[in-house]
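Visitor: target32.cif (mmCIF, C-alpha atoms) pasted underneath:
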data_structure
#
loop_
_atom_site.label_atom_id
_atom_site.label_comp_id
_atom_site.auth_asym_id
_atom_site.auth_seq_id
_atom_site.Cartn_x
_atom_site.Cartn_y
_atom_site.Cartn_z
CA MET A 1 1.71 -19.48 -0.17
CA LYS A 2 -1.81 -18.02 0.15
CA VAL A 3 -0.43 -14.47 -0.06
CA PHE A 4 1.42 -15.47 -3.23
CA LYS A 5 -1.81 -16.82 -4.76
CA VAL A 6 -3.57 -13.53 -4.03
CA ILE A 7 -0.78 -11.60 -5.77
CA VAL A 8 -0.82 -13.86 -8.83
CA THR A 9 -4.61 -13.53 -9.10
CA ILE A 10 -4.40 -9.73 -9.02
CA ALA A 11 -1.67 -9.71 -11.64
CA LEU A 12 -3.66 -11.99 -13.98
CA LEU A 13 -6.79 -9.89 -13.62
CA ASN A 14 -4.76 -6.84 -14.54
CA VAL A 15 -3.35 -8.23 -17.82
CA PRO A 16 -6.39 -7.28 -19.97
CA LEU A 17 -6.23 -3.71 -18.63
CA ILE A 18 -2.56 -3.35 -19.55
CA LYS A 19 -3.17 -4.77 -23.03
CA GLY A 20 -6.03 -2.35 -23.51
CA LEU A 21 -3.82 0.59 -22.60
CA TYR A 22 -1.15 -0.47 -25.06
CA ALA A 23 -3.78 -0.81 -27.76
CA GLN A 24 -4.98 2.76 -27.20
CA LYS A 25 -1.54 4.25 -27.74
CA SER A 26 -2.67 7.44 -26.00
CA ASP A 27 -0.45 9.84 -24.10
CA LYS A 28 -3.46 10.78 -21.98
CA VAL A 29 -4.03 7.27 -20.61
CA TYR A 30 -1.21 5.15 -19.21
CA ALA A 31 -0.33 2.81 -16.35
CA GLU A 32 2.38 2.96 -13.70
CA ASN A 33 3.76 0.13 -11.58
CA SER A 34 4.93 0.98 -8.07
CA GLY A 35 6.68 -0.21 -4.91
CA GLU A 36 7.14 1.45 -1.51
CA PHE A 37 9.37 1.74 1.55
CA ILE A 38 6.99 2.49 4.44
CA PHE A 39 7.78 4.18 7.76
CA SER A 40 4.65 3.87 9.90
CA PHE A 41 3.49 5.30 13.22
CA ALA A 42 0.30 5.16 15.27
CA ASP A 43 -1.63 7.03 17.93
CA VAL A 44 -2.67 4.26 20.32
CA MET A 45 -4.47 4.82 23.61
CA LEU A 46 -5.21 2.07 26.12
CA ASN A 47 -7.57 2.89 28.99
CA GLY A 48 -7.09 6.59 28.30
CA GLU A 49 -3.27 6.45 28.34
CA GLU A 50 -1.12 6.85 25.23
CA LEU A 51 1.18 3.90 24.56
CA ASN A 52 4.81 4.32 23.56
CA ASN A 53 5.11 4.00 19.81
CA LYS A 54 8.09 2.88 17.74
CA VAL A 55 8.73 3.51 14.05
CA ARG A 56 7.87 0.46 11.97
CA PHE A 57 9.78 0.04 8.69
CA SER A 58 8.57 -2.33 5.98
CA LEU A 59 9.55 -2.91 2.36
CA PHE A 60 7.84 -6.24 1.67
CA LEU A 61 5.35 -6.85 0.23
CA HIS A 62 4.35 -3.56 -1.41
CA MET A 63 3.17 -3.47 -5.00
CA GLY A 64 0.52 -1.81 -7.12
CA GLN A 65 -0.49 -0.25 -10.37
CA ASN A 66 -2.27 3.03 -11.10
CA VAL A 67 -4.01 4.02 -14.31
CA HIS A 68 -3.61 7.74 -15.08
CA TYR A 69 -5.78 9.99 -17.21
CA ASP A 70 -4.30 13.40 -18.04
CA PHE A 71 -6.82 16.09 -19.00
CA SER A 72 -3.88 18.30 -19.94
CA ASP A 73 -0.17 18.54 -19.19
CA ASN A 74 -1.03 20.10 -15.83
CA PHE A 75 -4.13 18.35 -14.46
CA GLY A 76 -5.25 14.73 -14.24
CA VAL A 77 -6.60 11.86 -12.14
CA PHE A 78 -5.56 8.30 -11.34
CA SER A 79 -6.90 5.12 -9.77
CA GLY A 80 -5.84 1.47 -9.57
CA TYR A 81 -4.91 -0.98 -6.84
CA GLY A 82 -2.26 -1.40 -4.16
CA LEU A 83 -1.09 -4.22 -1.92
CA ARG A 84 0.70 -3.19 1.29
CA ASN A 85 2.07 -4.52 4.55
CA ILE A 86 1.07 -1.94 7.19
CA GLY A 87 0.97 -1.85 10.99
CA PHE A 88 2.52 -0.45 14.15
CA ILE A 89 4.64 -1.29 17.20
CA THR A 90 3.76 -0.38 20.79
CA GLU A 91 5.45 -0.86 24.16
CA ASN A 92 3.58 -1.13 27.47
CA ASN A 93 5.13 -2.26 30.79
CA ASP A 94 8.16 -3.79 29.02
CA VAL A 95 5.87 -5.71 26.66
CA VAL A 96 6.46 -4.99 22.96
CA THR A 97 3.56 -5.75 20.64
CA LYS A 98 3.88 -5.74 16.86
CA ARG A 99 0.74 -5.74 14.74
CA ARG A 100 0.48 -5.75 10.98
CA THR A 101 -1.98 -6.57 8.24
CA TYR A 102 -1.86 -7.02 4.51
CA ALA A 103 -4.22 -4.54 2.86
CA LEU A 104 -5.67 -4.47 -0.64
CA ALA A 105 -6.48 -0.87 -1.58
CA VAL A 106 -8.29 1.06 -4.31
CA PRO A 107 -7.29 4.76 -4.58
CA LEU A 108 -8.80 7.75 -6.32
CA ALA A 109 -6.69 10.91 -6.59
CA PHE A 110 -6.27 14.20 -8.41
CA LYS A 111 -2.90 15.53 -9.52
CA ALA A 112 -1.55 18.87 -10.72
CA GLY A 113 1.87 19.90 -11.98
CA SER A 114 4.08 19.44 -15.02
CA PHE A 115 3.49 15.94 -16.33
CA LYS A 116 5.98 16.21 -19.18
CA ASN A 117 8.65 16.81 -16.52
CA HIS A 118 7.15 14.09 -14.30
CA PHE A 119 6.81 16.55 -11.41
CA TYR A 120 3.45 17.06 -9.73
CA LEU A 121 1.47 17.17 -6.47
CA TYR A 122 -1.38 14.77 -5.80
CA GLY A 123 -3.98 14.00 -3.16
CA GLY A 124 -7.01 11.80 -2.66
CA GLY A 125 -8.57 8.96 -0.75
CA GLU A 126 -8.32 5.20 -0.63
CA TYR A 127 -10.51 2.34 0.55
CA GLU A 128 -8.75 -0.75 1.87
CA LEU A 129 -9.54 -4.35 2.73
CA PHE A 130 -7.54 -5.73 5.69
CA PHE A 131 -7.27 -9.44 4.87
CA HIS A 132 -4.31 -11.02 6.69
CA TYR A 133 -3.39 -10.11 10.26
CA LYS A 134 -0.23 -10.99 12.21
CA GLN A 135 0.65 -10.19 15.82
CA LYS A 136 3.90 -10.63 17.77
CA LEU A 137 4.46 -10.28 21.50
CA ILE A 138 7.97 -9.86 22.92
CA LEU A 139 8.57 -10.16 26.68
CA ASP A 140 11.96 -10.72 28.34
CA GLY A 141 13.43 -11.84 25.03
CA ASP A 142 10.71 -14.43 24.41
CA LYS A 143 8.72 -14.05 21.20
CA ASN A 144 5.22 -15.32 20.53
CA LYS A 145 3.28 -14.80 17.33
CA PHE A 146 0.17 -15.82 15.46
CA SER A 147 -1.57 -14.86 12.23
CA GLU A 148 -5.01 -15.32 10.72
CA TRP A 149 -7.01 -14.50 7.61
CA PHE A 150 -9.79 -11.88 7.77
CA SER A 151 -9.21 -11.36 11.46
CA ASP A 152 -11.88 -9.89 13.75
CA ARG A 153 -9.09 -8.13 15.65
CA THR A 154 -8.88 -5.40 13.01
CA GLU A 155 -11.42 -3.41 11.11
CA ARG A 156 -12.29 -5.07 7.78
CA PHE A 157 -12.80 -2.11 5.43
CA VAL A 158 -10.88 1.06 6.23
CA PRO A 159 -10.80 4.49 4.51
CA SER A 160 -7.67 6.63 4.33
CA LEU A 161 -6.47 9.99 3.03
CA PHE A 162 -3.17 10.60 1.28
CA GLY A 163 -1.11 13.25 -0.45
CA GLY A 164 2.36 13.55 -1.88
CA VAL A 165 4.74 14.76 -4.52
CA GLN A 166 6.07 12.97 -7.58
CA PHE A 167 9.65 13.87 -8.51
CA PRO A 168 11.37 13.41 -11.89
CA GLY A 169 12.98 10.00 -12.20
CA GLY A 170 10.11 8.06 -10.64
CA ILE A 171 10.73 8.84 -6.94
CA ASN A 172 7.60 9.62 -4.99
CA LEU A 173 7.18 10.92 -1.41
CA LYS A 174 3.78 10.27 0.17
CA PHE A 175 2.00 10.84 3.50
CA LYS A 176 -1.03 8.75 4.42
CA TYR A 177 -3.47 8.95 7.34
CA TYR A 178 -6.18 6.57 8.54
CA PRO A 179 -8.87 8.59 10.39
CA GLY A 180 -10.53 5.44 11.76
CA ASN A 181 -9.20 2.78 14.13
CA PHE A 182 -6.88 -0.02 13.05
CA LEU A 183 -8.12 -2.34 15.82
CA ASN A 184 -11.72 -3.52 16.07
CA ARG A 185 -13.00 -2.19 19.41
CA ASN A 186 -15.80 -4.79 19.40
CA PHE A 187 -13.38 -7.70 19.57
CA ARG A 188 -13.43 -9.95 22.65
CA GLY A 189 -11.27 -13.05 22.83
CA ASN A 190 -7.81 -14.32 23.71
CA ASP A 191 -4.36 -13.12 22.70
CA PHE A 192 -1.68 -15.70 23.47
CA GLY A 193 -4.01 -17.40 25.95
CA VAL A 194 -4.86 -14.19 27.83
CA PRO A 195 -8.44 -12.80 27.73
CA VAL A 196 -8.59 -9.42 25.96
CA ASP A 197 -11.20 -6.75 25.42
CA TYR A 198 -10.29 -4.40 22.55
CA SER A 199 -12.82 -1.81 23.71
CA ARG A 200 -10.08 -0.76 26.14
CA TYR A 201 -8.21 0.66 23.14
CA ASN A 202 -9.69 4.14 22.96
CA GLN A 203 -8.00 4.69 19.62
CA SER A 204 -5.50 3.06 17.26
CA ARG A 205 -5.00 5.41 14.34
CA LEU A 206 -2.31 4.60 11.84
CA TYR A 207 -0.33 6.95 9.61
CA PHE A 208 2.82 6.59 7.57
CA ILE A 209 5.38 8.23 5.32
CA SER A 210 6.52 6.27 2.30
CA LEU A 211 9.19 6.53 -0.34
CA ALA A 212 7.74 5.06 -3.50
CA PHE A 213 9.08 4.24 -6.95
CA ASN A 214 6.72 4.61 -9.91
CA PHE A 215 7.51 3.44 -13.43
CA ARG A 216 5.30 3.70 -16.50
CA THR A 217 4.28 0.29 -17.80
CA ASP A 218 4.65 1.28 -21.44
CA LYS A 219 8.17 2.65 -20.86
CA ILE A 220 9.22 -0.61 -19.17
CA LYS A 221 7.89 -2.52 -22.16
CA GLU A 222 9.94 -0.34 -24.52
CA MET A 223 13.11 -0.98 -22.48
CA TYR A 224 12.80 -4.76 -22.84
CA THR A 225 11.38 -4.90 -26.36
CA PRO A 226 14.16 -4.83 -28.98
CA PRO A 227 13.55 -2.59 -32.00
CA GLY A 228 12.28 -4.25 -35.16
CA ARG A 229 14.88 -5.46 -37.56
CA GLU A 230 14.54 -5.66 -41.32
CA ALA A 231 15.19 -9.12 -42.75
CA ILE A 232 17.24 -9.31 -45.96
CA TYR A 233 17.02 -12.39 -48.13
CA VAL A 234 19.68 -13.23 -50.72
CA ASN A 235 19.10 -15.69 -53.49
CA LEU A 236 22.14 -17.82 -54.15
#
Show how you would write the structure in this file as structure tokens.
Guide:
Amino acid sequence: MKVFKVIVTIALLNVPLIKGLYAQKSDKVYAENSGEFIFSFADVMLNGEELNNKVRFSLFLHMGQNVHYDFSDNFGVFSGYGLRNIGFITENNDVVTKRRTYALAVPLAFKAGSFKNHFYLYGGGEYELFFHYKQKLILDGDKNKFSEWFSDRTERFVPSLFGGVQFPGGINLKFKYYPGNFLNRNFRGNDFGVPVDYSRYNQSRLYFISLAFNFRTDKIKEMYTPPGREAIYVNL
């Protein structure tokens, strides 16, 4: 329920921006809504040894909107917001650990290509707030899990780098890399009743490949807005 409230708040805050873009009626400035299928990996080292890593697939909840400004048909920039479910899975001594967080991100990127054909390359950086953490532990078929808001187990604000290609039709292929650690190495506490010291994690760097779907907000509006009809009145 709390995650839903966060999403609704973001959407409401974004309404004035969308209305402003419609009012401008400019081909240079426009908004795109997006969703993603994310395949994530991580380089995780515990006490100097690399842990086995499994591919983590997630499709919920990923949403966002970017505002584009095109200087020409071949060069432009964009920024906006994104909400993602990101994390990784490791296996150590038959213990499988799944970690994920919801992240609220603000990107800034440059793009170059043929915008009229909706085909271009892009690259930039993003700053993210990790605000809801969840951890699962699986041992001998038994599952334990817990979650918490603004957890000290992860870093709070995390930078990332990304690049990708936008194909005609709205399909987008992106690669993203987090140069810093996912886990907070200063954390000391208990995981499932067992004392832990996260300084033992020498690194926990996340990266992922995503298949995204981007759709222009104004085009969606046109699809669901019926054309105007002329009213004819007849006096009888």
Visitor: Distance cut-off 12 Å, centre (-9.4, -7.4, 25.3) in file coordinates, counting all atoms listed in the file: which residues qualify? Return them as a PyMOL selection string.
Guide: chain A and resi 46-47+153+183-202
Visitor: List the spatial neighbours of Val55 (chain A) as a list in words - criterion: any atom at most 10 Å away, all atoms listed in the file, same-chain residues fewer than 4 positions off excluded.
Guide: Ile38, Phe39, Ser40, Phe41, Ala42, Gly87, Phe88, Ile89, Thr90 and Phe208 of chain A
Visitor: For the residues in that selection, give me C-alpha atoms as a PDB file, in the frame of the given file.
Guide:
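See result_16.pdb below for the written result:
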ATOM      1  CA  ILE A  38       6.990   2.490   4.440  1.00  0.00           C
ATOM      2  CA  PHE A  39       7.780   4.180   7.760  1.00  0.00           C
ATOM      3  CA  SER A  40       4.650   3.870   9.900  1.00  0.00           C
ATOM      4  CA  PHE A  41       3.490   5.300  13.220  1.00  0.00           C
ATOM      5  CA  ALA A  42       0.300   5.160  15.270  1.00  0.00           C
ATOM      6  CA  GLY A  87       0.970  -1.850  10.990  1.00  0.00           C
ATOM      7  CA  PHE A  88       2.520  -0.450  14.150  1.00  0.00           C
ATOM      8  CA  ILE A  89       4.640  -1.290  17.200  1.00  0.00           C
ATOM      9  CA  THR A  90       3.760  -0.380  20.790  1.00  0.00           C
ATOM     10  CA  PHE A 208       2.820   6.590   7.570  1.00  0.00           C
TER      11      PHE A 208
END
Visitor: Pick out the residues sitting within 9 Å of Gly125 (chain A), and hand them over as a list in words; count only C-alpha atoms, and ignore anything fewer than 6 positions along from it in its own chain.
Guide: Val106, Pro107, Leu108, Ala109, Pro159, Ser160, Leu161, Phe162 and Gly163 of chain A
Visitor: Suppose we keep C-alpha atoms; can you now write the selection as a PDB file, in the frame of the given file?
Guide:
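Wrote part_28.pdb, looks like this:
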ATOM      1  CA  VAL A 106      -8.290   1.060  -4.310  1.00  0.00           C
ATOM      2  CA  PRO A 107      -7.290   4.760  -4.580  1.00  0.00           C
ATOM      3  CA  LEU A 108      -8.800   7.750  -6.320  1.00  0.00           C
ATOM      4  CA  ALA A 109      -6.690  10.910  -6.590  1.00  0.00           C
ATOM      5  CA  PRO A 159     -10.800   4.490   4.510  1.00  0.00           C
ATOM      6  CA  SER A 160      -7.670   6.630   4.330  1.00  0.00           C
ATOM      7  CA  LEU A 161      -6.470   9.990   3.030  1.00  0.00           C
ATOM      8  CA  PHE A 162      -3.170  10.600   1.280  1.00  0.00           C
ATOM      9  CA  GLY A 163      -1.110  13.250  -0.450  1.00  0.00           C
TER      10      GLY A 163
END
Visitor: Please, what is the axis-aligned box for every listed atom of region 125-130 of chain A with 6 Å on each side, as centre and edge lengths in Å to one decimal, as JSON?
Guide:
{"center_x": -9.0, "center_y": 1.6, "center_z": 2.5, "size_x": 15.0, "size_y": 26.7, "size_z": 18.4}
Visitor: Using only C-alpha atoms, which of the listed residues (A:Glu36, A:Asp70, A:Glu50, A:Glu126) sits closest to Asn92 (chain A)?
Guide: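 Of all the options, A:Glu50 lies closest to Asn92 (chain A).
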Visitor: Output the residue selection produced by the PyMOL selection byres ((chain A and resi 178) around 7) on the file above, formatted as a PyMOL selection string.
Guide: chain A and resi 159-161+176-177+179-180+205-207
Visitor: Separation of CA of Arg100 (chain A) and CA of Ser79 (chain A), in Å?
Guide: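 Computed distance, CA of Arg100 (chain A) to CA of Ser79 (chain A), equals 24.6 Å.
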Visitor: So what do you get for CA of Gly123 (chain A) versus CA of Ser72 (chain A), distance-wise?
Guide: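 Going from CA of Gly123 (chain A) over to CA of Ser72 (chain A) covers 17.3 Å.
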Visitor: Between CA of Gly35 (chain A) and CA of Leu211 (chain A), what is the spacing in Å?
Guide: 8.5 Å
Visitor: I would like the residues chosen by the PyMOL selection byres ((chain A and resi 115-117) around 9) on the shown file; could you give them as number ranges by chain?
Guide: A: 70, 72-75, 112-114, 118-120, 167-168
Visitor: Counting only C-alpha atoms, what is within 9 Å of Ala105 (chain A), bar same-chain residues fewer than 5 positions away, as an MDAnalysis selection string?
Guide: chainID A and resid 64 80:84 126:130
Visitor: Select, counting all atoms listed in the file, all protein, DNA and RNA residues no farther than 7 Å from (-8.1, -8.6, 7.0) in file coordinates, and express the selection as JSON, numbers by chain.
Guide: {"A": [101, 102, 103, 129, 130, 131, 132, 133, 149, 150, 151, 154, 156]}
